[in-house]
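Structure first, commentary second.
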Amino acid sequence: MSRICIAFDRLRSEEKMLQSEAVALGHEAVMTDVKGVRADTGCRGADLGFDVVLERCISYFRGLHFTSFLEFVGVPVFNTFEVASNCGNKMFMTMLLEKHGVPTPRTFFSFSKDAALERIEGEGYPLVIKPVVGSWGRGVVPVRDRDTMDAMIEMRELSDTPHDRIYYLQELVCRPPRDIRVITVGGSAVAAMYRKSSGGRFKTNIALGADPESCEITPEIGELAARASEAVGGGILGVDMMEDQSRGMVVHEVNNTVEFKGLARVAKQNIPRAMVEFALSHRR
Amino acid sequence: MNCPGCDATLRLPEDAAPGELVACPDCGADYEIEKNGSGIGLKKAERVGEDWGE
């Protein structure tokens, strides 16, 4: 029997499912609220007593720093610091996808508002502006004209967030009103769903009310998801892709602490079990 | 258990565990369940952060 730690900062049904599967497999699941963890430079892996950790924090920075601590004390953690860092920043992630030959929308990076404005005026509208750090579609806006871009810049200038000084502008892909979320575990696609936007909206995030629908993992989807996973370092991931009408599938995002509550209800494969088994196969 | 803000009755699920959120049906405030000695208590839930998500 192994001790697997499910580390969280907000307990959701996903973490409860992971706990249940670990117990069903005959292991001890230690539910750990990272907000209460006492960490210091004197700690060693044996002090924690975990064989492996599934890092599931809803706060990216909290999870990233806790992951760095786990790696410091020598406890295996999924995802690793490198993968979490790669996926937690859209600019880093996009560059890795491109570098590894994974088809991804063309993306422009600017490091000041003036440069961003000059770039979008030069490239032409529309483009999609996204915060480099953030999730659930927050701050993701299709910019179709100068007025919208001016408004986005004004909002960002009012913010104290350093990441808002980095401008990530992506081509608006011509696609049906849906995208595809693929969950990969250890580089293999285990489940997929369509996420349909509703009411003519641009965004397809389930967190914003998009309708999920089961999606068959075709060889093309499975292969592309595996390549995207490999590009960012592997582990347990949520790969988002779109059906570009001219180029075929393009990957636009890879998520680090993937949510799977909705997909778990319709997926043929047991998603949390696959995650637990993968983590345990890398235990100390 | 009652809402610390408006005193409405909060019905917690039987399997409620520390770290989970509960929303008050009357005032809408969110609370996080926490350990309180041998039982459980409530504390104000964290606000959604810019870095929250997947």
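Chain labels run A, B, ... following the order of the structure tokens; each chain numbers its residues from 1, and ligands are numbered from 1 in the order shown.
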
12 Å contact set for B:Ala29, only C-alpha atoms, chain neighbours under 2 positions out, as a list in words:
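Those residues are Asn2, Cys3, Pro4, Gly5, Cys6, Asp7, Ala8, Leu10, Leu21, Val22, Ala23, Cys24, Pro25, Asp26, Cys27, Tyr31, Glu32, Leu42, Lys43, Lys44, Ala45, Glu46 and Arg47 of chain B.
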
File of the preceding selection, N, CA and C atoms, as a PDB file, in the first residue's frame:
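This went into again07.pdb:
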ATOM      1  N   ASN B   2     -25.307  27.801  11.191  1.00  0.00           N
ATOM      2  CA  ASN B   2     -25.909  29.014  10.651  1.00  0.00           C
ATOM      3  C   ASN B   2     -24.891  29.886   9.923  1.00  0.00           C
ATOM      4  N   CYS B   3     -25.393  30.666   8.968  1.00  0.00           N
ATOM      5  CA  CYS B   3     -24.532  31.583   8.214  1.00  0.00           C
ATOM      6  C   CYS B   3     -23.984  32.643   9.173  1.00  0.00           C
ATOM      7  N   PRO B   4     -22.655  32.817   9.210  1.00  0.00           N
ATOM      8  CA  PRO B   4     -22.086  33.836  10.103  1.00  0.00           C
ATOM      9  C   PRO B   4     -22.518  35.242   9.726  1.00  0.00           C
ATOM     10  N   GLY B   5     -22.938  35.438   8.475  1.00  0.00           N
ATOM     11  CA  GLY B   5     -23.320  36.775   8.025  1.00  0.00           C
ATOM     12  C   GLY B   5     -24.763  37.115   8.303  1.00  0.00           C
ATOM     13  N   CYS B   6     -25.697  36.225   7.902  1.00  0.00           N
ATOM     14  CA  CYS B   6     -27.122  36.567   7.990  1.00  0.00           C
ATOM     15  C   CYS B   6     -27.905  35.616   8.888  1.00  0.00           C
ATOM     16  N   ASP B   7     -27.240  34.618   9.424  1.00  0.00           N
ATOM     17  CA  ASP B   7     -27.846  33.698  10.390  1.00  0.00           C
ATOM     18  C   ASP B   7     -28.811  32.693   9.765  1.00  0.00           C
ATOM     19  N   ALA B   8     -28.856  32.635   8.425  1.00  0.00           N
ATOM     20  CA  ALA B   8     -29.708  31.626   7.777  1.00  0.00           C
ATOM     21  C   ALA B   8     -29.163  30.233   8.077  1.00  0.00           C
ATOM     22  N   LEU B  10     -27.645  26.788   7.258  1.00  0.00           N
ATOM     23  CA  LEU B  10     -26.845  26.194   6.184  1.00  0.00           C
ATOM     24  C   LEU B  10     -26.946  24.683   6.289  1.00  0.00           C
ATOM     25  N   LEU B  21     -16.395  24.296  -0.269  1.00  0.00           N
ATOM     26  CA  LEU B  21     -17.137  25.544  -0.143  1.00  0.00           C
ATOM     27  C   LEU B  21     -18.606  25.285   0.123  1.00  0.00           C
ATOM     28  N   VAL B  22     -19.222  26.188   0.848  1.00  0.00           N
ATOM     29  CA  VAL B  22     -20.664  26.143   1.022  1.00  0.00           C
ATOM     30  C   VAL B  22     -21.178  27.577   0.841  1.00  0.00           C
ATOM     31  N   ALA B  23     -22.278  27.700   0.106  1.00  0.00           N
ATOM     32  CA  ALA B  23     -22.842  29.028  -0.141  1.00  0.00           C
ATOM     33  C   ALA B  23     -24.114  29.196   0.668  1.00  0.00           C
ATOM     34  N   CYS B  24     -24.300  30.364   1.244  1.00  0.00           N
ATOM     35  CA  CYS B  24     -25.519  30.636   1.997  1.00  0.00           C
ATOM     36  C   CYS B  24     -26.672  30.851   1.004  1.00  0.00           C
ATOM     37  N   PRO B  25     -27.764  30.110   1.159  1.00  0.00           N
ATOM     38  CA  PRO B  25     -28.882  30.254   0.210  1.00  0.00           C
ATOM     39  C   PRO B  25     -29.584  31.605   0.340  1.00  0.00           C
ATOM     40  N   ASP B  26     -29.425  32.273   1.461  1.00  0.00           N
ATOM     41  CA  ASP B  26     -30.118  33.554   1.647  1.00  0.00           C
ATOM     42  C   ASP B  26     -29.287  34.752   1.188  1.00  0.00           C
ATOM     43  N   CYS B  27     -28.070  34.887   1.724  1.00  0.00           N
ATOM     44  CA  CYS B  27     -27.284  36.090   1.400  1.00  0.00           C
ATOM     45  C   CYS B  27     -26.253  35.842   0.312  1.00  0.00           C
ATOM     46  N   TYR B  31     -18.546  30.319   2.067  1.00  0.00           N
ATOM     47  CA  TYR B  31     -17.706  29.956   3.201  1.00  0.00           C
ATOM     48  C   TYR B  31     -16.946  28.681   2.888  1.00  0.00           C
ATOM     49  N   GLU B  32     -15.792  28.564   3.512  1.00  0.00           N
ATOM     50  CA  GLU B  32     -15.003  27.345   3.365  1.00  0.00           C
ATOM     51  C   GLU B  32     -15.121  26.558   4.668  1.00  0.00           C
ATOM     52  N   LEU B  42     -16.763  27.178   9.950  1.00  0.00           N
ATOM     53  CA  LEU B  42     -16.786  27.901   8.672  1.00  0.00           C
ATOM     54  C   LEU B  42     -15.852  29.095   8.749  1.00  0.00           C
ATOM     55  N   LYS B  43     -15.177  29.364   7.640  1.00  0.00           N
ATOM     56  CA  LYS B  43     -14.429  30.616   7.532  1.00  0.00           C
ATOM     57  C   LYS B  43     -14.753  31.226   6.179  1.00  0.00           C
ATOM     58  N   LYS B  44     -14.559  32.533   6.079  1.00  0.00           N
ATOM     59  CA  LYS B  44     -14.869  33.233   4.833  1.00  0.00           C
ATOM     60  C   LYS B  44     -14.017  32.651   3.703  1.00  0.00           C
ATOM     61  N   ALA B  45     -14.632  32.358   2.580  1.00  0.00           N
ATOM     62  CA  ALA B  45     -13.895  31.769   1.464  1.00  0.00           C
ATOM     63  C   ALA B  45     -12.989  32.806   0.810  1.00  0.00           C
ATOM     64  N   GLU B  46     -11.876  32.330   0.260  1.00  0.00           N
ATOM     65  CA  GLU B  46     -10.976  33.222  -0.462  1.00  0.00           C
ATOM     66  C   GLU B  46     -11.671  33.783  -1.694  1.00  0.00           C
ATOM     67  N   ARG B  47     -11.336  35.017  -2.041  1.00  0.00           N
ATOM     68  CA  ARG B  47     -11.843  35.592  -3.291  1.00  0.00           C
ATOM     69  C   ARG B  47     -11.149  34.930  -4.475  1.00  0.00           C
TER      70      ARG B  47
END

Mind the document's chain letters and residue numbers, and return as a PyMOL selection string the residues of chain B that DSSP labels strand (DSSP E or B).
chain B and resi 2+9+21-23+30-36+39-44+52

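Of the residues listed (B:Leu12, B:Ala17, B:Ile40, B:Met1), B:Ala17 shows the shortest atom-to-atom separation from chain A; distances use only C-alpha atoms.
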
Within 9 Å of chain A, which residues of chain B are there when counting only C-alpha atoms? Please give them as a PyMOL selection string.
chain B and resi 17-21+32+48-54

Take the residues just selected and output them with C-alpha atoms as a PDB file, in the first residue's frame.
ATOM      1  CA  ALA B  17     -15.027  17.886   4.226  1.00  0.00           C
ATOM      2  CA  PRO B  18     -12.577  20.657   5.176  1.00  0.00           C
ATOM      3  CA  GLY B  19     -11.605  22.709   2.153  1.00  0.00           C
ATOM      4  CA  GLU B  20     -15.027  22.493   0.503  1.00  0.00           C
ATOM      5  CA  LEU B  21     -17.137  25.544  -0.143  1.00  0.00           C
ATOM      6  CA  GLU B  32     -15.003  27.345   3.365  1.00  0.00           C
ATOM      7  CA  VAL B  48     -11.285  34.240  -6.791  1.00  0.00           C
ATOM      8  CA  GLY B  49      -7.729  35.134  -7.787  1.00  0.00           C
ATOM      9  CA  GLU B  50      -6.366  36.104 -11.178  1.00  0.00           C
ATOM     10  CA  ASP B  51      -4.286  32.935 -11.194  1.00  0.00           C
ATOM     11  CA  TRP B  52      -7.198  30.605 -10.396  1.00  0.00           C
ATOM     12  CA  GLY B  53      -8.279  27.914 -12.774  1.00  0.00           C
ATOM     13  CA  GLU B  54      -6.868  24.921 -14.561  1.00  0.00           C
TER      14      GLU B  54
END

Would you mind reading off the distance between atom CA of A:Leu70 and atom CA of B:Glu34, one decimal, in Å?
23.9 Å

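What separates atom CA of A:Pro272 from atom CA of A:Ala84 is a distance of 18.9 Å.
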
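Pairwise distance (atom CA of A:Glu21, atom CA of A:Arg273) equals 5.4 Å.
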
Have a look at A:Arg283, A:Arg165, A:Phe69, A:Ala191 and name the one nearest to A:Asp40; count only C-alpha atoms.
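Checking each candidate against A:Asp40, we get A:Phe69 as the closest.
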
Fewer than 4 positions away in the same chain doesn't count, so skip those; otherwise give me all residues within 10 Å of A:Arg146, counting only C-alpha atoms, as number ranges by chain.
A: 117, 120-121, 124-126, 150-152

Grab the residues selected above and save them as a CSV table (one decimal), in the first residue's frame with all heavy atoms.
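To be explicit, this is the file written out as part-v5.csv:
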chain,number,residue,atom,x,y,z
A,117,LEU,N,-0.3,47.9,-29.5
A,117,LEU,CA,-1.2,48.7,-30.3
A,117,LEU,C,-0.6,48.8,-31.8
A,117,LEU,O,-1.3,48.6,-32.7
A,117,LEU,CB,-1.4,50.1,-29.7
A,117,LEU,CG,-2.5,50.9,-30.3
A,117,LEU,CD1,-3.8,50.2,-30.3
A,117,LEU,CD2,-2.6,52.2,-29.6
A,120,ILE,N,-1.1,45.3,-33.5
A,120,ILE,CA,-2.4,44.9,-33.9
A,120,ILE,C,-2.9,45.8,-35.1
A,120,ILE,O,-3.6,45.4,-36.0
A,120,ILE,CB,-3.4,44.9,-32.7
A,120,ILE,CG1,-4.7,44.1,-33.1
A,120,ILE,CG2,-3.8,46.3,-32.3
A,120,ILE,CD1,-5.6,43.8,-32.0
A,121,GLU,N,-2.4,47.1,-35.0
A,121,GLU,CA,-2.8,48.0,-36.1
A,121,GLU,C,-2.1,47.5,-37.4
A,121,GLU,O,-2.6,47.6,-38.5
A,121,GLU,CB,-2.4,49.4,-35.8
A,121,GLU,CG,-3.3,50.0,-34.7
A,121,GLU,CD,-4.6,50.6,-35.3
A,121,GLU,OE1,-4.6,51.3,-36.3
A,121,GLU,OE2,-5.7,50.2,-34.8
A,124,GLY,N,-3.6,43.8,-38.4
A,124,GLY,CA,-5.1,44.0,-38.7
A,124,GLY,C,-6.0,43.2,-37.8
A,124,GLY,O,-5.5,42.2,-37.1
A,125,TYR,N,-7.2,43.7,-37.7
A,125,TYR,CA,-8.2,43.1,-36.8
A,125,TYR,C,-8.9,42.0,-37.6
A,125,TYR,O,-8.9,42.0,-38.8
A,125,TYR,CB,-9.2,44.1,-36.3
A,125,TYR,CG,-8.5,45.3,-35.6
A,125,TYR,CD1,-8.1,46.4,-36.2
A,125,TYR,CD2,-8.4,45.2,-34.2
A,125,TYR,CE1,-7.5,47.4,-35.5
A,125,TYR,CE2,-7.8,46.2,-33.5
A,125,TYR,CZ,-7.3,47.4,-34.2
A,125,TYR,OH,-6.7,48.4,-33.5
A,126,PRO,N,-9.5,40.9,-36.9
A,126,PRO,CA,-9.5,40.8,-35.5
A,126,PRO,C,-8.3,39.9,-35.0
A,126,PRO,O,-7.7,39.1,-35.7
A,126,PRO,CB,-10.8,40.0,-35.3
A,126,PRO,CG,-10.9,39.1,-36.5
A,126,PRO,CD,-10.3,40.0,-37.6
A,150,ASP,N,-8.3,49.7,-27.5
A,150,ASP,CA,-8.1,50.8,-26.5
A,150,ASP,C,-8.7,50.5,-25.2
A,150,ASP,O,-8.1,50.8,-24.1
A,150,ASP,CB,-8.7,52.1,-27.1
A,150,ASP,CG,-7.9,52.7,-28.2
A,150,ASP,OD1,-6.7,52.4,-28.4
A,150,ASP,OD2,-8.5,53.6,-28.9
A,151,ALA,N,-9.9,49.9,-25.1
A,151,ALA,CA,-10.5,49.6,-23.9
A,151,ALA,C,-9.7,48.5,-23.1
A,151,ALA,O,-9.5,48.6,-21.9
A,151,ALA,CB,-11.9,49.1,-24.1
A,152,MET,N,-9.2,47.6,-23.8
A,152,MET,CA,-8.4,46.5,-23.2
A,152,MET,C,-7.1,47.1,-22.6
A,152,MET,O,-6.7,46.7,-21.5
A,152,MET,CB,-8.1,45.4,-24.2
A,152,MET,CG,-9.2,44.6,-24.7
A,152,MET,SD,-10.2,43.8,-23.4
A,152,MET,CE,-9.0,42.8,-22.6

Taking the chain letters and numbering used in this document, name the residues of stretch 65-283 of chain A that DSSP puts in alpha helix (DSSP H), as a VMD selection string.
chain A and resid 65 to 73 81 to 88 90 to 99 113 to 123 146 to 158 219 to 232 261 to 266 271 to 280

Near stretch 274-282 of chain A, counting only C-alpha atoms, which residues have an atom at most 8 Å away, once you skip same-chain residues fewer than 6 positions from it, shown as a PyMOL selection string?
chain A and resi 2+4+18+21-22+51-54+76-78+185-186+190+236

Shell around A:Gly222 at 8 Å using only C-alpha atoms, local window under 5 positions removed, as a count of residues only
3
